[in-house]
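Visitor: Sharing a structure with you now.
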Amino acid sequence: MTQTNPAQPNENSSSSGITPRRSIIWCGCQAFARIITTLMFDLKVYGLHHIPTHGGALLVANHESYLDPVVVAVRVRRPVSFLARSGLFDNPAFGWLIRSLHAFPVRQGEGDIGAVKETIRRLKEGHVLNIYPEGSRTQTGELGPIEPGIALMVRRAGVPVVPVVISGSFTAWPRGRKIFHPAPIRVLYGPPMELNHLKPAQITARIDQTFRQLLAELRAKS
């Protein structure tokens with residue numbers, strides 16, 4: 001059992017009084033996903049201790065494939081919220097499932113102010129939220145440019161930014177392929193960064209630089 005410093009809120013508390021918890025559905029899906037990712041992808045995860053045990057945190061990750069939200073969250077001991085493209089919610093059953101897993105819709109290619117506000121609200125309430133600042137999956141397996149929109153969320157939410165890098169997900173499910181196939185996947189969580197005091201261009205540059213440093217470190221482990 002994880003011990004908590006009694007002088008601090010536990011991992012389920014937040015300043016607003018809302019208690020983000022892993023639901024039964026979340027725990028069941030996480031347990032199933034842990035088995036699959038271990039057997040199919042030999043998933044190895046490093047640096048989980050860098051995720052704050054309480055309060056809002058933004059997990060910013062490079063985007064290699066559709067597998068990324070699963071491999072980012074499967075070993076995390078707090079529930080993780082996600083932005084998902086709005087079309088995924090069109091199917092009522094699937095929409096219900098991903099909402100139960102803390103996903104909420106964003107309209108790709110548009111300035112979705114509602115999604116930005118929801119992101120900031122969840123972070124301020126104490127949730128952990130995963131976002132992909134490249135904006136879309138990589139075409140080549142290499143890191144793409146960081147979109148400027150991430151800076152707005154970072155500055156307004158004022159929460160720690162935890163950089164996450166993924167290696168191998170593109171090989172397992174490259175863009176254009178209909179289904180994934182077995183391949184080793186590695187994930188590395190870096191130390192949290194306080195970026196909200198920086199200018200927008202400095203935030204995107206810092207994230208890009210950190211991604212590149214952590215990817216080199218992660219690939220050296222493989």
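For the structure tokens, the naming scheme is as follows: chains receive sequential letters (A, B, ...) according to their order of presentation, residues are indexed from 1 within each chain, and ligands are indexed from 1 in presentation order.
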For the structure I just gave you, how does DSSP split region 42-204 of chain A - specifically, which residues are strand (DSSP E)? Reply as an MDAnalysis selection string.
Guide: chainID A and resid 44:46 57:61 80:85 103:106 128:131 161:167 186:189
Visitor: Write the residues of the selection above to a file with C-alpha atoms, as a PDB file, in the first residue's frame.
Guide:
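Output (result.pdb):
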```
ATOM      1  CA  LYS A  44       8.768  -1.109 -20.026  1.00  0.00           C
ATOM      2  CA  VAL A  45       8.003   2.116 -18.125  1.00  0.00           C
ATOM      3  CA  TYR A  46      10.526   4.370 -16.393  1.00  0.00           C
ATOM      4  CA  ALA A  57      -0.651  17.685 -13.572  1.00  0.00           C
ATOM      5  CA  LEU A  58      -0.300  17.809 -17.342  1.00  0.00           C
ATOM      6  CA  LEU A  59       1.318  14.776 -18.976  1.00  0.00           C
ATOM      7  CA  VAL A  60       2.649  16.032 -22.328  1.00  0.00           C
ATOM      8  CA  ALA A  61       3.774  13.236 -24.652  1.00  0.00           C
ATOM      9  CA  VAL A  80      -5.815  10.095 -16.383  1.00  0.00           C
ATOM     10  CA  SER A  81      -8.063  12.348 -18.473  1.00  0.00           C
ATOM     11  CA  PHE A  82      -7.704  12.553 -22.261  1.00  0.00           C
ATOM     12  CA  LEU A  83      -8.741  14.740 -25.140  1.00  0.00           C
ATOM     13  CA  ALA A  84     -10.180  12.618 -27.956  1.00  0.00           C
ATOM     14  CA  ARG A  85     -11.338  13.672 -31.411  1.00  0.00           C
ATOM     15  CA  ALA A 103     -11.983  11.198 -22.215  1.00  0.00           C
ATOM     16  CA  PHE A 104     -13.723  14.304 -23.541  1.00  0.00           C
ATOM     17  CA  PRO A 105     -14.166  15.512 -27.139  1.00  0.00           C
ATOM     18  CA  VAL A 106     -12.161  18.043 -29.100  1.00  0.00           C
ATOM     19  CA  VAL A 128      -4.018  14.361 -14.266  1.00  0.00           C
ATOM     20  CA  LEU A 129      -4.483  15.031 -17.973  1.00  0.00           C
ATOM     21  CA  ASN A 130      -2.627  13.623 -20.969  1.00  0.00           C
ATOM     22  CA  ILE A 131      -2.133  15.739 -24.078  1.00  0.00           C
ATOM     23  CA  VAL A 161       4.080  19.736 -16.709  1.00  0.00           C
ATOM     24  CA  VAL A 162       5.409  16.166 -16.766  1.00  0.00           C
ATOM     25  CA  PRO A 163       7.165  15.343 -20.067  1.00  0.00           C
ATOM     26  CA  VAL A 164       6.529  11.818 -21.354  1.00  0.00           C
ATOM     27  CA  VAL A 165       8.299  10.189 -24.288  1.00  0.00           C
ATOM     28  CA  ILE A 166       7.257   7.021 -26.103  1.00  0.00           C
ATOM     29  CA  SER A 167       9.476   4.842 -28.277  1.00  0.00           C
ATOM     30  CA  ARG A 186       9.191   1.908 -23.936  1.00  0.00           C
ATOM     31  CA  VAL A 187       7.853   4.931 -22.000  1.00  0.00           C
ATOM     32  CA  LEU A 188       9.848   7.442 -19.942  1.00  0.00           C
ATOM     33  CA  TYR A 189       8.396  10.084 -17.601  1.00  0.00           C
TER      34      TYR A 189
END
```
Visitor: Would you give me, as a list in words, the residues in region 59-122 of chain A that DSSP reads as helix (DSSP H, G or I)?
Guide: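 Going through region 59-122 of chain A, the helix (DSSP H, G or I) residues come out as Asp68, Pro69, Val70, Val71, Val72, Ala73, Ser86, Gly87, Leu88, Phe89, Pro92, Ala93, Phe94, Gly95, Trp96, Leu97, Ile98, Arg99, Ser100, Ile113, Gly114, Ala115, Val116, Lys117, Glu118, Thr119, Ile120, Arg121 and Arg122 of chain A.
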Visitor: Write the residues of the selection above to a file with N, CA and C atoms, as an mmCIF file, in the first residue's frame.
Guide:
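New file part-v5.cif:
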```
data_model
loop_
_atom_site.group_PDB
_atom_site.id
_atom_site.type_symbol
_atom_site.label_atom_id
_atom_site.label_comp_id
_atom_site.auth_asym_id
_atom_site.auth_seq_id
_atom_site.Cartn_x
_atom_site.Cartn_y
_atom_site.Cartn_z
ATOM 1 N N ASP A 68 -0.772 5.230 -27.912
ATOM 2 C CA ASP A 68 -0.115 6.115 -26.944
ATOM 3 C C ASP A 68 -0.924 6.381 -25.671
ATOM 4 N N PRO A 69 -2.228 6.705 -25.750
ATOM 5 C CA PRO A 69 -2.964 6.933 -24.501
ATOM 6 C C PRO A 69 -2.958 5.715 -23.574
ATOM 7 N N VAL A 70 -2.968 4.528 -24.178
ATOM 8 C CA VAL A 70 -2.952 3.307 -23.367
ATOM 9 C C VAL A 70 -1.612 3.125 -22.672
ATOM 10 N N VAL A 71 -0.520 3.243 -23.428
ATOM 11 C CA VAL A 71 0.790 2.977 -22.821
ATOM 12 C C VAL A 71 1.214 4.095 -21.865
ATOM 13 N N VAL A 72 0.670 5.311 -22.049
ATOM 14 C CA VAL A 72 0.972 6.397 -21.115
ATOM 15 C C VAL A 72 0.282 6.167 -19.774
ATOM 16 N N ALA A 73 -0.960 5.688 -19.795
ATOM 17 C CA ALA A 73 -1.769 5.611 -18.575
ATOM 18 C C ALA A 73 -1.791 4.249 -17.901
ATOM 19 N N SER A 86 -13.615 14.367 -31.651
ATOM 20 C CA SER A 86 -15.058 14.315 -31.417
ATOM 21 C C SER A 86 -15.746 13.157 -32.139
ATOM 22 N N GLY A 87 -15.204 12.744 -33.291
ATOM 23 C CA GLY A 87 -15.823 11.658 -34.045
ATOM 24 C C GLY A 87 -15.863 10.337 -33.303
ATOM 25 N N LEU A 88 -14.959 10.146 -32.348
ATOM 26 C CA LEU A 88 -14.925 8.902 -31.588
ATOM 27 C C LEU A 88 -16.142 8.747 -30.683
ATOM 28 N N PHE A 89 -16.848 9.856 -30.434
ATOM 29 C CA PHE A 89 -18.004 9.818 -29.549
ATOM 30 C C PHE A 89 -19.304 9.591 -30.314
ATOM 31 N N PRO A 92 -22.575 5.509 -29.755
ATOM 32 C CA PRO A 92 -23.004 5.673 -28.367
ATOM 33 C C PRO A 92 -22.290 4.751 -27.372
ATOM 34 N N ALA A 93 -22.091 3.493 -27.742
ATOM 35 C CA ALA A 93 -21.462 2.538 -26.819
ATOM 36 C C ALA A 93 -19.996 2.890 -26.594
ATOM 37 N N PHE A 94 -19.287 3.153 -27.699
ATOM 38 C CA PHE A 94 -17.869 3.490 -27.561
ATOM 39 C C PHE A 94 -17.706 4.846 -26.881
ATOM 40 N N GLY A 95 -18.606 5.785 -27.213
ATOM 41 C CA GLY A 95 -18.558 7.091 -26.574
ATOM 42 C C GLY A 95 -18.747 6.988 -25.073
ATOM 43 N N TRP A 96 -19.687 6.129 -24.659
ATOM 44 C CA TRP A 96 -19.906 5.915 -23.217
ATOM 45 C C TRP A 96 -18.654 5.344 -22.563
ATOM 46 N N LEU A 97 -18.011 4.381 -23.235
ATOM 47 C CA LEU A 97 -16.823 3.751 -22.670
ATOM 48 C C LEU A 97 -15.690 4.748 -22.478
ATOM 49 N N ILE A 98 -15.388 5.528 -23.508
ATOM 50 C CA ILE A 98 -14.243 6.434 -23.376
ATOM 51 C C ILE A 98 -14.559 7.602 -22.435
ATOM 52 N N ARG A 99 -15.842 7.989 -22.339
ATOM 53 C CA ARG A 99 -16.191 8.979 -21.317
ATOM 54 C C ARG A 99 -15.972 8.401 -19.919
ATOM 55 N N SER A 100 -16.278 7.113 -19.760
ATOM 56 C CA SER A 100 -16.052 6.447 -18.469
ATOM 57 C C SER A 100 -14.572 6.373 -18.134
ATOM 58 N N ILE A 113 -12.622 26.143 -28.234
ATOM 59 C CA ILE A 113 -12.483 26.848 -26.969
ATOM 60 C C ILE A 113 -13.069 26.024 -25.829
ATOM 61 N N GLY A 114 -14.173 25.320 -26.112
ATOM 62 C CA GLY A 114 -14.801 24.502 -25.077
ATOM 63 C C GLY A 114 -13.861 23.433 -24.552
ATOM 64 N N ALA A 115 -13.105 22.785 -25.448
ATOM 65 C CA ALA A 115 -12.161 21.754 -25.026
ATOM 66 C C ALA A 115 -11.023 22.348 -24.210
ATOM 67 N N VAL A 116 -10.578 23.542 -24.615
ATOM 68 C CA VAL A 116 -9.516 24.215 -23.856
ATOM 69 C C VAL A 116 -10.001 24.544 -22.449
ATOM 70 N N LYS A 117 -11.221 25.074 -22.335
ATOM 71 C CA LYS A 117 -11.771 25.406 -21.022
ATOM 72 C C LYS A 117 -11.946 24.159 -20.158
ATOM 73 N N GLU A 118 -12.399 23.065 -20.776
ATOM 74 C CA GLU A 118 -12.573 21.822 -20.026
ATOM 75 C C GLU A 118 -11.227 21.287 -19.549
ATOM 76 N N THR A 119 -10.212 21.395 -20.395
ATOM 77 C CA THR A 119 -8.867 20.970 -20.012
ATOM 78 C C THR A 119 -8.384 21.740 -18.787
ATOM 79 N N ILE A 120 -8.506 23.052 -18.834
ATOM 80 C CA ILE A 120 -8.035 23.892 -17.733
ATOM 81 C C ILE A 120 -8.854 23.632 -16.471
ATOM 82 N N ARG A 121 -10.165 23.435 -16.627
ATOM 83 C CA ARG A 121 -11.016 23.160 -15.469
ATOM 84 C C ARG A 121 -10.587 21.872 -14.771
ATOM 85 N N ARG A 122 -10.369 20.816 -15.555
ATOM 86 C CA ARG A 122 -9.983 19.541 -14.957
ATOM 87 C C ARG A 122 -8.631 19.637 -14.249
#
```
Visitor: Quick one: everything within 7 Å of region 168-183 of chain A, counting only C-alpha atoms, minus sequence neighbours fewer than 6 positions away in the same chain. Send it as a compact mmCIF listing (two decimals) with N, CA and C atoms, in the first residue's frame.
Guide:
```
# COMPACT_ATOMS: atom_id res chain seq x y z
N MET A 40 2.09 -8.29 -25.48
CA MET A 40 2.24 -7.97 -26.90
C MET A 40 3.39 -7.01 -27.18
N PHE A 41 3.67 -6.11 -26.23
CA PHE A 41 4.63 -5.04 -26.50
C PHE A 41 5.81 -5.03 -25.54
N GLU A 64 3.08 8.88 -31.29
CA GLU A 64 3.54 7.93 -32.31
C GLU A 64 2.40 7.12 -32.92
N SER A 65 1.36 6.79 -32.14
CA SER A 65 0.28 5.95 -32.68
C SER A 65 -0.95 6.02 -31.79
N LEU A 67 -1.89 3.80 -29.94
CA LEU A 67 -1.60 3.10 -28.70
C LEU A 67 -1.14 4.03 -27.58
N ASP A 68 -0.77 5.23 -27.91
CA ASP A 68 -0.11 6.12 -26.94
C ASP A 68 -0.92 6.38 -25.67
N GLN A 139 4.06 11.12 -38.84
CA GLN A 139 4.01 10.44 -40.14
C GLN A 139 5.23 9.54 -40.34
N GLY A 141 7.62 8.61 -37.56
CA GLY A 141 8.22 8.03 -36.36
C GLY A 141 9.10 9.01 -35.62
```
Visitor: When distances are computed from only C-alpha atoms, which of A:Gly126, A:Pro184, A:Pro148, A:Gly55 shows the smallest separation from Leu39 (chain A)?
Guide: A:Pro184
Visitor: Work out how far CA of Lys221 (chain A) is from CA of Gln202 (chain A), in Å to one decimal.
Guide: 28.8 Å
Visitor: Nearest to Pro191 (chain A) among A:His102, A:Arg21, A:His50, A:Arg34, with distances taken over only C-alpha atoms: which residue is it?
Guide: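 Result for the nearest residue to Pro191 (chain A): A:His50.
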Visitor: Figure out the distance between CA of Pro160 (chain A) and CA of Asn196 (chain A), please, to one decimal in Å.
Guide: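 Atom-to-atom, CA of Asn196 (chain A) to CA of Pro160 (chain A), that is 8.6 Å.
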Visitor: Find, counting only C-alpha atoms, the residue in A:Ile35, A:Pro192, A:Asn62, A:Val154 that gets nearest to His49 (chain A).
Guide: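 Using only C-alpha atoms, His49 (chain A) sits closest to A:Pro192.
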Visitor: May I ask which of the residues A:Thr138, A:Leu214, A:Arg75, A:Thr53 is the closest one to Ala31 (chain A), counting only C-alpha atoms?
Guide: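 Among A:Thr138, A:Leu214, A:Arg75, A:Thr53, it is A:Arg75 that comes nearest to Ala31 (chain A).
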Visitor: Do you know which residues are at most 12 Å from Lys199 (chain A) counting only C-alpha atoms, after dropping those on the same chain fewer than 6 positions away, and could you put them as a VMD selection string?
Guide: chain A and resid 148 150 to 152 154 to 156 205 to 206
Visitor: With C-alpha atoms retained, could you export that selection as a compact mmCIF listing (two decimals), in the first residue's frame?
Guide:
```txt
# COMPACT_ATOMS: atom_id res chain seq x y z
CA PRO A 148 1.55 26.72 -30.01
CA ILE A 150 -0.10 23.94 -25.60
CA ALA A 151 1.34 27.18 -24.22
CA LEU A 152 -2.16 28.58 -23.54
CA VAL A 154 0.17 25.57 -19.55
CA ARG A 155 -0.03 29.27 -18.72
CA ARG A 156 -3.69 29.26 -17.69
CA ALA A 205 10.80 25.43 -27.21
CA ARG A 206 11.32 23.96 -23.74
```
Visitor: Can you tell me how far CA of Trp26 (chain A) sits from CA of Leu101 (chain A), in Å to one decimal?
Guide: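 Going from CA of Trp26 (chain A) over to CA of Leu101 (chain A) covers 5.7 Å.
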